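Listing of model_1.tsv; format and content: TSV, C-alpha atoms.
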```tsv
chain	number	residue	atom	x	y	z
A	56	MET	CA	101.21	121.99	140.25
A	57	ASN	CA	103.72	124.74	141.08
A	58	GLU	CA	105.78	126.50	138.49
A	59	SER	CA	109.08	124.69	138.97
A	60	ALA	CA	107.45	121.29	138.79
A	61	HIS	CA	105.76	122.32	135.58
A	62	LEU	CA	109.05	123.45	134.11
A	63	HIS	CA	110.66	120.21	135.17
A	64	LEU	CA	107.95	118.24	133.40
A	65	LEU	CA	108.46	120.26	130.23
A	66	GLN	CA	112.17	119.60	130.30
A	67	TYR	CA	111.56	115.93	130.88
A	68	ASN	CA	109.16	115.76	127.94
A	69	PHE	CA	111.64	117.52	125.73
A	70	LYS	CA	114.42	115.12	126.70
A	71	SER	CA	112.36	111.98	126.23
A	72	SER	CA	111.10	113.03	122.80
A	73	HIS	CA	114.63	113.95	121.84
A	74	LEU	CA	115.89	110.53	122.90
A	75	LEU	CA	113.05	108.88	120.99
A	76	LEU	CA	114.09	110.71	117.85
A	77	ILE	CA	117.68	109.49	118.16
A	78	PHE	CA	116.41	105.99	118.81
A	79	ALA	CA	114.11	106.16	115.77
A	80	LYS	CA	116.94	107.33	113.52
A	81	LYS	CA	119.10	104.47	114.75
A	82	ILE	CA	116.33	101.99	113.89
A	83	MET	CA	116.03	103.31	110.36
A	84	ILE	CA	119.79	103.21	109.86
A	85	ASN	CA	119.97	99.62	111.14
A	86	ILE	CA	117.14	98.55	108.85
A	87	LEU	CA	118.69	100.28	105.84
A	88	LEU	CA	122.15	98.88	106.59
A	89	CYS	CA	120.84	95.32	106.77
A	90	ILE	CA	119.00	95.62	103.45
A	91	MET	CA	121.87	97.42	101.70
A	92	ALA	CA	124.36	94.80	102.90
A	93	GLY	CA	121.99	92.11	101.63
A	94	ILE	CA	121.63	93.78	98.23
A	95	ALA	CA	125.41	94.07	97.87
A	96	VAL	CA	125.98	90.43	98.88
A	97	GLY	CA	123.09	89.27	96.70
A	98	TYR	CA	124.37	91.17	93.69
A	99	LEU	CA	127.94	89.89	94.10
A	100	ALA	CA	126.77	86.31	94.71
A	101	ARG	CA	123.95	86.33	92.14
A	102	LYS	CA	125.66	83.61	90.09
A	103	CYS	CA	126.35	81.32	93.09
A	104	THR	CA	123.98	78.43	93.67
A	105	VAL	CA	123.86	79.25	97.41
A	106	VAL	CA	121.64	82.23	96.63
A	107	LYS	CA	118.87	79.83	95.57
A	108	TYR	CA	118.40	78.85	99.20
A	109	THR	CA	117.65	82.44	100.28
A	110	GLY	CA	113.93	81.87	99.75
A	111	SER	CA	113.82	78.86	102.07
A	112	LEU	CA	115.97	80.60	104.69
A	113	LEU	CA	113.66	83.58	104.46
A	114	SER	CA	110.65	81.35	105.14
A	115	VAL	CA	112.41	79.94	108.22
A	116	THR	CA	113.09	83.41	109.64
A	117	ILE	CA	109.51	84.50	108.90
A	118	VAL	CA	108.14	81.40	110.66
A	119	LEU	CA	110.36	82.10	113.68
A	120	LEU	CA	109.38	85.75	113.86
A	121	LEU	CA	105.66	85.10	113.42
A	122	PHE	CA	105.90	82.59	116.24
A	123	PHE	CA	107.55	85.26	118.41
A	124	LEU	CA	104.86	87.71	117.33
A	125	GLY	CA	102.23	85.19	118.41
A	126	LEU	CA	103.96	84.82	121.78
A	127	SER	CA	104.08	88.56	122.38
A	128	VAL	CA	100.45	88.94	121.31
A	129	GLY	CA	99.26	86.08	123.54
A	130	SER	CA	101.14	87.40	126.55
A	131	ASN	CA	99.96	90.97	126.02
A	132	GLU	CA	96.69	91.50	127.91
A	133	GLN	CA	96.00	94.76	126.11
A	134	VAL	CA	95.94	92.91	122.79
A	135	VAL	CA	94.04	89.86	124.01
A	136	ASN	CA	91.28	91.95	125.63
A	137	ASN	CA	90.85	94.22	122.62
A	138	PHE	CA	91.09	91.66	119.88
A	139	THR	CA	87.71	92.53	118.33
A	140	SER	CA	88.50	96.23	118.03
A	141	ILE	CA	91.97	95.40	116.69
A	142	GLY	CA	90.40	93.17	114.06
A	143	LEU	CA	87.89	95.88	113.12
A	144	ASP	CA	90.62	98.53	112.79
A	145	ALA	CA	92.65	96.15	110.62
A	146	PHE	CA	89.64	95.48	108.42
A	147	LEU	CA	88.82	99.19	108.01
A	148	LEU	CA	92.45	100.05	107.19
A	149	THR	CA	92.52	97.31	104.55
A	150	VAL	CA	89.28	98.52	102.98
A	151	GLY	CA	90.62	102.09	102.86
A	152	GLY	CA	94.04	101.22	101.50
A	153	THR	CA	92.79	98.70	98.95
A	154	LEU	CA	89.94	100.89	97.65
A	155	GLY	CA	92.32	103.85	97.38
A	156	SER	CA	94.74	101.82	95.27
A	157	LEU	CA	91.86	100.45	93.15
A	158	PHE	CA	90.66	103.95	92.26
A	159	CYS	CA	94.20	104.98	91.35
A	160	ALA	CA	94.57	101.81	89.26
A	161	ARG	CA	91.43	102.68	87.30
A	162	TRP	CA	92.68	106.19	86.61
A	163	VAL	CA	96.15	105.00	85.50
A	164	TYR	CA	94.62	102.25	83.31
A	165	LYS	CA	92.30	104.67	81.50
A	166	LYS	CA	94.93	107.35	81.13
A	167	PHE	CA	98.03	105.36	80.17
A	168	PHE	CA	97.12	101.85	79.01
B	178	MET	CA	97.79	80.67	99.65
B	179	LYS	CA	98.96	77.56	101.48
B	180	GLN	CA	101.95	79.50	102.77
B	181	SER	CA	99.74	82.28	104.14
B	182	PHE	CA	97.71	79.70	106.05
B	183	LEU	CA	100.89	78.14	107.45
B	184	TYR	CA	102.14	81.54	108.63
B	185	LEU	CA	98.79	82.37	110.20
B	186	LEU	CA	98.74	78.96	111.90
B	187	ILE	CA	102.19	79.48	113.41
B	188	PHE	CA	101.15	82.89	114.68
B	189	VAL	CA	98.03	81.33	116.27
B	190	VAL	CA	100.11	78.54	117.84
B	191	GLY	CA	102.33	81.23	119.38
B	192	VAL	CA	99.29	83.07	120.75
B	193	ILE	CA	97.82	79.89	122.24
B	194	LEU	CA	101.14	78.83	123.81
B	195	ALA	CA	101.55	82.27	125.40
B	196	LEU	CA	97.94	82.28	126.63
B	197	SER	CA	98.34	78.86	128.22
B	198	GLY	CA	101.38	80.20	130.05
B	199	ILE	CA	103.74	77.30	129.36
B	200	ILE	CA	106.28	79.54	127.65
B	201	PRO	CA	109.16	80.57	129.93
B	202	GLY	CA	109.50	84.31	130.42
B	203	VAL	CA	113.06	84.27	129.08
B	204	LEU	CA	111.77	83.58	125.58
B	205	LEU	CA	109.34	86.49	125.76
B	206	ASN	CA	111.84	89.13	126.79
B	207	ALA	CA	114.84	87.98	124.80
B	208	ASN	CA	116.50	89.99	122.06
B	209	ILE	CA	116.42	86.98	119.73
B	210	ALA	CA	113.55	88.47	117.74
B	211	THR	CA	115.58	91.60	116.95
B	212	TRP	CA	118.50	89.58	115.61
B	213	VAL	CA	116.27	87.29	113.57
B	214	LEU	CA	114.62	90.43	112.20
B	215	TYR	CA	117.98	91.78	111.04
B	216	ALA	CA	118.74	88.41	109.44
B	217	LEU	CA	115.37	88.60	107.68
B	218	LEU	CA	116.11	92.07	106.30
B	219	PHE	CA	119.54	90.91	105.13
B	220	LEU	CA	117.93	87.98	103.29
B	221	VAL	CA	115.31	90.27	101.74
B	222	GLY	CA	118.24	92.37	100.49
B	223	ILE	CA	119.96	89.32	98.99
B	224	GLN	CA	116.80	88.46	97.07
B	225	ILE	CA	116.59	91.98	95.68
B	226	GLY	CA	120.30	92.06	94.81
B	227	ALA	CA	120.31	88.67	93.12
B	228	GLY	CA	116.99	89.20	91.34
B	229	LYS	CA	116.99	89.53	87.59
B	230	ASN	CA	114.44	90.85	85.07
B	231	MET	CA	113.80	93.76	87.37
B	232	PHE	CA	113.87	96.20	84.49
B	233	ALA	CA	112.54	93.95	81.75
B	234	ALA	CA	109.10	95.53	82.10
B	235	LEU	CA	110.60	98.99	81.99
B	236	LYS	CA	112.23	98.21	78.64
B	237	ARG	CA	109.05	96.75	77.21
B	238	PHE	CA	106.43	99.24	78.37
B	239	GLY	CA	108.53	102.33	78.94
B	240	TRP	CA	108.27	104.80	81.78
B	241	LYS	CA	104.52	104.40	82.21
B	242	VAL	CA	104.98	101.15	84.21
B	243	LEU	CA	106.33	103.35	86.99
B	244	MET	CA	102.85	104.83	87.27
B	245	ILE	CA	101.55	101.54	88.67
B	246	PRO	CA	103.64	101.27	91.86
B	247	LEU	CA	103.06	105.01	92.22
B	248	ALA	CA	99.28	104.45	92.00
B	249	THR	CA	99.54	101.69	94.60
B	250	THR	CA	101.46	103.88	97.01
B	251	VAL	CA	99.46	107.09	96.57
B	252	GLY	CA	96.10	105.29	96.59
B	253	THR	CA	96.91	103.22	99.66
B	254	PHE	CA	98.22	106.15	101.68
B	255	ALA	CA	95.26	108.34	100.70
B	256	GLY	CA	92.73	105.64	101.61
B	257	VAL	CA	94.44	104.78	104.89
B	258	ALA	CA	94.73	108.48	105.82
B	259	LEU	CA	90.96	108.88	105.30
B	260	ILE	CA	90.27	105.83	107.48
B	261	SER	CA	92.59	107.15	110.20
B	262	VAL	CA	90.15	110.05	110.64
B	263	ILE	CA	87.24	107.76	111.50
B	264	ILE	CA	89.21	105.31	113.68
B	265	PRO	CA	89.42	106.73	117.18
B	266	GLY	CA	92.70	106.52	119.06
B	267	ARG	CA	95.07	105.75	116.20
B	268	SER	CA	97.46	108.36	114.90
B	269	LEU	CA	97.91	109.09	111.21
B	270	THR	CA	101.48	107.80	111.24
B	271	ASP	CA	100.45	104.55	112.96
B	272	CYS	CA	97.77	103.99	110.33
B	273	LEU	CA	100.18	104.84	107.51
B	274	SER	CA	102.77	102.39	108.85
B	275	VAL	CA	100.11	99.65	108.76
B	276	GLY	CA	99.09	100.66	105.22
B	277	ALA	CA	102.74	100.73	104.12
B	278	GLY	CA	102.82	96.95	104.54
B	279	PHE	CA	101.18	96.69	101.09
B	280	ALA	CA	100.05	93.11	101.92
B	281	TYR	CA	103.61	92.15	102.91
B	282	TYR	CA	102.24	91.09	106.28
B	283	SER	CA	105.24	89.20	107.64
B	284	LEU	CA	107.81	91.95	107.27
B	285	SER	CA	105.52	94.86	108.16
B	286	SER	CA	103.98	93.26	111.26
B	287	ILE	CA	107.38	92.15	112.54
B	288	LEU	CA	108.94	95.58	112.06
B	289	ILE	CA	105.99	97.34	113.69
B	290	THR	CA	105.87	94.90	116.63
B	291	GLU	CA	109.55	95.39	117.27
B	292	PHE	CA	109.38	99.18	117.42
B	293	LYS	CA	105.75	100.07	118.15
B	294	GLY	CA	104.51	97.13	120.20
B	295	ALA	CA	102.45	93.99	119.66
B	296	GLU	CA	99.12	95.81	119.52
B	297	LEU	CA	99.83	97.80	116.35
B	298	GLY	CA	101.85	94.82	115.07
B	299	THR	CA	98.73	92.66	115.25
B	300	VAL	CA	96.71	95.31	113.40
B	301	ALA	CA	99.40	95.26	110.69
B	302	LEU	CA	99.44	91.46	110.49
B	303	LEU	CA	95.66	91.18	110.15
B	304	ALA	CA	95.25	94.19	107.84
B	305	ASN	CA	97.91	92.99	105.42
B	306	ILE	CA	96.76	89.36	105.44
B	307	ILE	CA	93.21	90.57	104.67
B	308	ARG	CA	94.61	92.63	101.81
B	309	GLU	CA	96.34	89.61	100.26
B	310	PHE	CA	93.27	87.43	100.65
B	311	SER	CA	91.00	90.13	99.20
B	312	VAL	CA	92.94	89.95	95.93
B	313	LEU	CA	92.86	86.13	95.90
B	314	ILE	CA	89.10	86.14	96.44
B	315	LEU	CA	87.92	89.37	94.78
B	316	GLY	CA	90.45	89.46	91.90
B	317	PRO	CA	87.86	88.98	89.11
B	318	TRP	CA	85.54	91.58	90.66
B	319	MET	CA	88.42	94.09	90.85
B	320	VAL	CA	89.22	93.59	87.16
B	321	LYS	CA	85.56	94.03	86.22
B	322	TYR	CA	85.01	97.32	88.02
B	323	PHE	CA	88.48	98.90	88.19
B	324	GLY	CA	90.28	97.64	85.09
B	325	LYS	CA	93.11	95.22	84.50
B	326	LEU	CA	95.62	97.00	86.70
B	327	ALA	CA	93.32	96.71	89.72
B	328	PRO	CA	94.52	93.35	91.13
B	329	ILE	CA	98.12	94.53	90.69
B	330	THR	CA	97.78	97.71	92.75
B	331	ALA	CA	95.58	95.93	95.30
B	332	GLY	CA	98.06	93.05	95.56
B	333	GLY	CA	100.86	95.41	96.59
B	334	ALA	CA	104.07	93.56	97.35
B	335	THR	CA	102.55	90.13	96.69
B	336	THR	CA	102.14	90.57	92.92
B	337	MET	CA	105.45	88.80	92.31
B	338	ASP	CA	104.47	85.66	94.20
B	339	THR	CA	101.16	84.74	95.88
B	340	THR	CA	98.76	86.87	93.86
B	341	LEU	CA	100.56	86.44	90.50
B	342	PRO	CA	98.37	83.48	89.40
B	343	VAL	CA	95.19	85.50	90.00
B	344	ILE	CA	96.58	88.43	88.01
B	345	THR	CA	97.63	86.14	85.16
B	346	LYS	CA	94.20	84.56	85.05
B	347	TYR	CA	91.95	87.62	85.27
B	348	ALA	CA	94.05	90.50	83.90
B	349	GLY	CA	95.81	88.39	81.27
B	350	PRO	CA	99.32	86.99	80.72
B	351	GLU	CA	100.51	90.28	79.18
B	352	PHE	CA	100.36	91.78	82.68
B	353	VAL	CA	102.75	89.25	84.23
B	354	VAL	CA	105.89	91.27	83.53
B	355	ILE	CA	104.21	94.38	84.90
B	356	ALA	CA	103.09	92.48	88.02
B	357	LEU	CA	106.63	91.20	88.63
B	358	PHE	CA	108.13	94.64	88.22
B	359	HIS	CA	105.46	96.19	90.45
B	360	GLY	CA	105.94	93.51	93.13
B	361	MET	CA	109.69	94.06	93.25
B	362	ILE	CA	109.40	97.84	93.53
B	363	ILE	CA	106.74	97.67	96.27
B	364	ASP	CA	108.57	94.84	98.05
B	365	PHE	CA	111.65	96.99	98.24
B	366	SER	CA	109.69	100.02	99.42
B	367	VAL	CA	107.89	98.24	102.30
B	368	PRO	CA	110.75	98.29	104.87
B	369	LEU	CA	111.64	101.83	103.83
B	370	TRP	CA	108.11	103.24	104.22
B	371	VAL	CA	107.35	101.27	107.38
B	372	SER	CA	110.56	102.32	109.11
B	373	PHE	CA	109.96	105.89	107.92
B	374	PHE	CA	106.47	106.04	109.43
B	375	ILE	CA	107.41	104.34	112.69
B	376	SER	CA	110.28	106.78	113.17
B	377	LEU	CA	108.03	109.84	112.80
```
Mind turning the file's structure into structure tokens?
Amino acid sequence: MNESAHLHLLQYNFKSSHLLLIFAKKIMINILLCIMAGIAVGYLARKCTVVKYTGSLLSVTIVLLLFFLGLSVGSNEQVVNNFTSIGLDAFLLTVGGTLGSLFCARWVYKKFF
Amino acid sequence: MKQSFLYLLIFVVGVILALSGIIPGVLLNANIATWVLYALLFLVGIQIGAGKNMFAALKRFGWKVLMIPLATTVGTFAGVALISVIIPGRSLTDCLSVGAGFAYYSLSSILITEFKGAELGTVALLANIIREFSVLILGPWMVKYFGKLAPITAGGATTMDTTLPVITKYAGPEFVVIALFHGMIIDFSVPLWVSFFISL
């Protein structure tokens, strides 16, 4: 690779990571805005009976999204072909996370309760 | 528990339909999922905003109840970070975003799929479902070896709904208020932590 091509690649990498950062910040802001708006509406409408249906509506959206997730998993060859290793990673991460929280629980229980 | 099975079933139906190839491509590439996701987050917000008794536990037990969600968070992240060292090909932040689901598998897997792809999303779905089931099945064992707070920290965001009966039964009814408080705090923190780790 000659020097100018190398420089070009560096610039390209810089730009794409920069764009990714902006994109990531936008995602976080969107997520936060949706939750904040929900909290405000929920707080204001906490005495309305309509709020009682939030749970059922939530289940509907979860069902829809998990169906979409299933579709994207089933149509993604990378996921289908590596399902065993994905399952193993998931299992290991659960063991790590759960054991970590169990040890912390034991410490807090002995120390404070 | 029934609900978890239903969710898992729907996910499997989606996988099978996609594998059989009868789903039109339009459905796969559409932005519908993103909009439904925003609706989901809005509804999660409404539940938090309209929820009561959030601070009942705080009044009864004092500041020390805050130690429990803290233990859940610190313990989970520490454990997941250790595992990320032995799993080849997964970055620390990817592993942490999976761990930050705290058994709230629907929200975490959906968020991760949307922004990090279906592969990591599937890891998140499986990992967090396994976490919920581990409390349902190993609850009594956790209490025996790690004390009465164990099923609460292990249950993560589910201690206000699916794993509450197990906690009530094996840790005792006096831990119900704590479990509710813990569940609400962790529930609220899931989208924040997950979106934080996926944006790193």
Compile the contact shell of Val251 in chain B as a short mmCIF file (atom, residue, chain, number, x, y, z; two decimals) with C-alpha atoms, in the coordinates of the input: residues with an atom at most 9 Å away, counting all atoms listed in the file, same-chain residues fewer than 3 positions apart removed.
```cif
data_model
loop_
_atom_site.label_atom_id
_atom_site.label_comp_id
_atom_site.auth_asym_id
_atom_site.auth_seq_id
_atom_site.Cartn_x
_atom_site.Cartn_y
_atom_site.Cartn_z
CA GLY A 155 92.32 103.85 97.38
CA SER A 156 94.74 101.82 95.27
CA CYS A 159 94.20 104.98 91.35
CA PRO B 246 103.64 101.27 91.86
CA LEU B 247 103.06 105.01 92.22
CA ALA B 248 99.28 104.45 92.00
CA PHE B 254 98.22 106.15 101.68
CA ALA B 255 95.26 108.34 100.70
CA GLY B 256 92.73 105.64 101.61
#
```
Range 309-311 of chain B: which residues within 8 Å, counting all atoms listed in the file, same-chain residues fewer than 6 positions away excluded, as a list in words?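 Everything that qualifies: Ala280, Gly332, Thr335 and Thr340 of chain B.
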Residues of chain A within 7 Å of chain B, all atoms listed in the file counted, as a PyMOL selection string: chain A and resi 79-80+83+89-98+101+109+113+116-118+120-130+134+141-142+144-149+151-161+163-164+167
Go ahead and compute the interatomic distance for CA of Gly239 in chain B and CA of His359 in chain B, in Å to one decimal.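 Interatomic distance, CA of Gly239 in chain B to CA of His359 in chain B: 13.4 Å.
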Using Å and a single decimal, report how far CA of Ala334 in chain B sits from CA of Asp364 in chain B.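 Taking CA of Asp364 in chain B and CA of Ala334 in chain B, their separation equals 4.7 Å.
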Do you have the CA of Gly360 in chain B-CA of Val262 in chain B distance handy?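 Taking CA of Gly360 in chain B and CA of Val262 in chain B, their separation equals 28.8 Å.
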Could you add the missing atoms to range 182-193 of chain B, up to N, CA, C and O atoms, and return them as an mmCIF file, keeping the file's coordinate frame?
```cif
data_model
loop_
_atom_site.group_PDB
_atom_site.id
_atom_site.type_symbol
_atom_site.label_atom_id
_atom_site.label_comp_id
_atom_site.auth_asym_id
_atom_site.auth_seq_id
_atom_site.Cartn_x
_atom_site.Cartn_y
_atom_site.Cartn_z
ATOM 1 N N PHE B 182 98.391 80.452 104.992
ATOM 2 C CA PHE B 182 97.710 79.700 106.050
ATOM 3 C C PHE B 182 98.697 79.165 107.071
ATOM 4 O O PHE B 182 98.460 79.197 108.271
ATOM 5 N N LEU B 183 99.848 78.677 106.560
ATOM 6 C CA LEU B 183 100.890 78.140 107.450
ATOM 7 C C LEU B 183 101.388 79.234 108.392
ATOM 8 O O LEU B 183 101.492 79.028 109.607
ATOM 9 N N TYR B 184 101.655 80.420 107.817
ATOM 10 C CA TYR B 184 102.140 81.540 108.630
ATOM 11 C C TYR B 184 101.124 81.923 109.698
ATOM 12 O O TYR B 184 101.459 82.150 110.848
ATOM 13 N N LEU B 185 99.857 81.991 109.271
ATOM 14 C CA LEU B 185 98.790 82.370 110.200
ATOM 15 C C LEU B 185 98.690 81.332 111.319
ATOM 16 O O LEU B 185 98.529 81.665 112.494
ATOM 17 N N LEU B 186 98.833 80.050 110.933
ATOM 18 C CA LEU B 186 98.740 78.960 111.900
ATOM 19 C C LEU B 186 99.838 79.075 112.950
ATOM 20 O O LEU B 186 99.601 78.924 114.148
ATOM 21 N N ILE B 187 101.067 79.371 112.474
ATOM 22 C CA ILE B 187 102.190 79.480 113.410
ATOM 23 C C ILE B 187 101.992 80.642 114.377
ATOM 24 O O ILE B 187 102.263 80.525 115.573
ATOM 25 N N PHE B 188 101.457 81.738 113.832
ATOM 26 C CA PHE B 188 101.150 82.890 114.680
ATOM 27 C C PHE B 188 100.122 82.485 115.751
ATOM 28 O O PHE B 188 100.303 82.760 116.939
ATOM 29 N N VAL B 189 99.077 81.761 115.334
ATOM 30 C CA VAL B 189 98.030 81.330 116.270
ATOM 31 C C VAL B 189 98.593 80.379 117.320
ATOM 32 O O VAL B 189 98.263 80.490 118.511
ATOM 33 N N VAL B 190 99.473 79.461 116.893
ATOM 34 C CA VAL B 190 100.110 78.540 117.840
ATOM 35 C C VAL B 190 100.864 79.338 118.902
ATOM 36 O O VAL B 190 100.775 79.057 120.099
ATOM 37 N N GLY B 191 101.598 80.381 118.446
ATOM 38 C CA GLY B 191 102.330 81.230 119.380
ATOM 39 C C GLY B 191 101.398 81.899 120.383
ATOM 40 O O GLY B 191 101.664 81.924 121.586
ATOM 41 N N VAL B 192 100.270 82.418 119.868
ATOM 42 C CA VAL B 192 99.290 83.070 120.750
ATOM 43 C C VAL B 192 98.775 82.092 121.789
ATOM 44 O O VAL B 192 98.750 82.385 122.994
ATOM 45 N N ILE B 193 98.398 80.895 121.335
ATOM 46 C CA ILE B 193 97.820 79.890 122.240
ATOM 47 C C ILE B 193 98.844 79.467 123.303
ATOM 48 O O ILE B 193 98.518 79.380 124.495
#
```
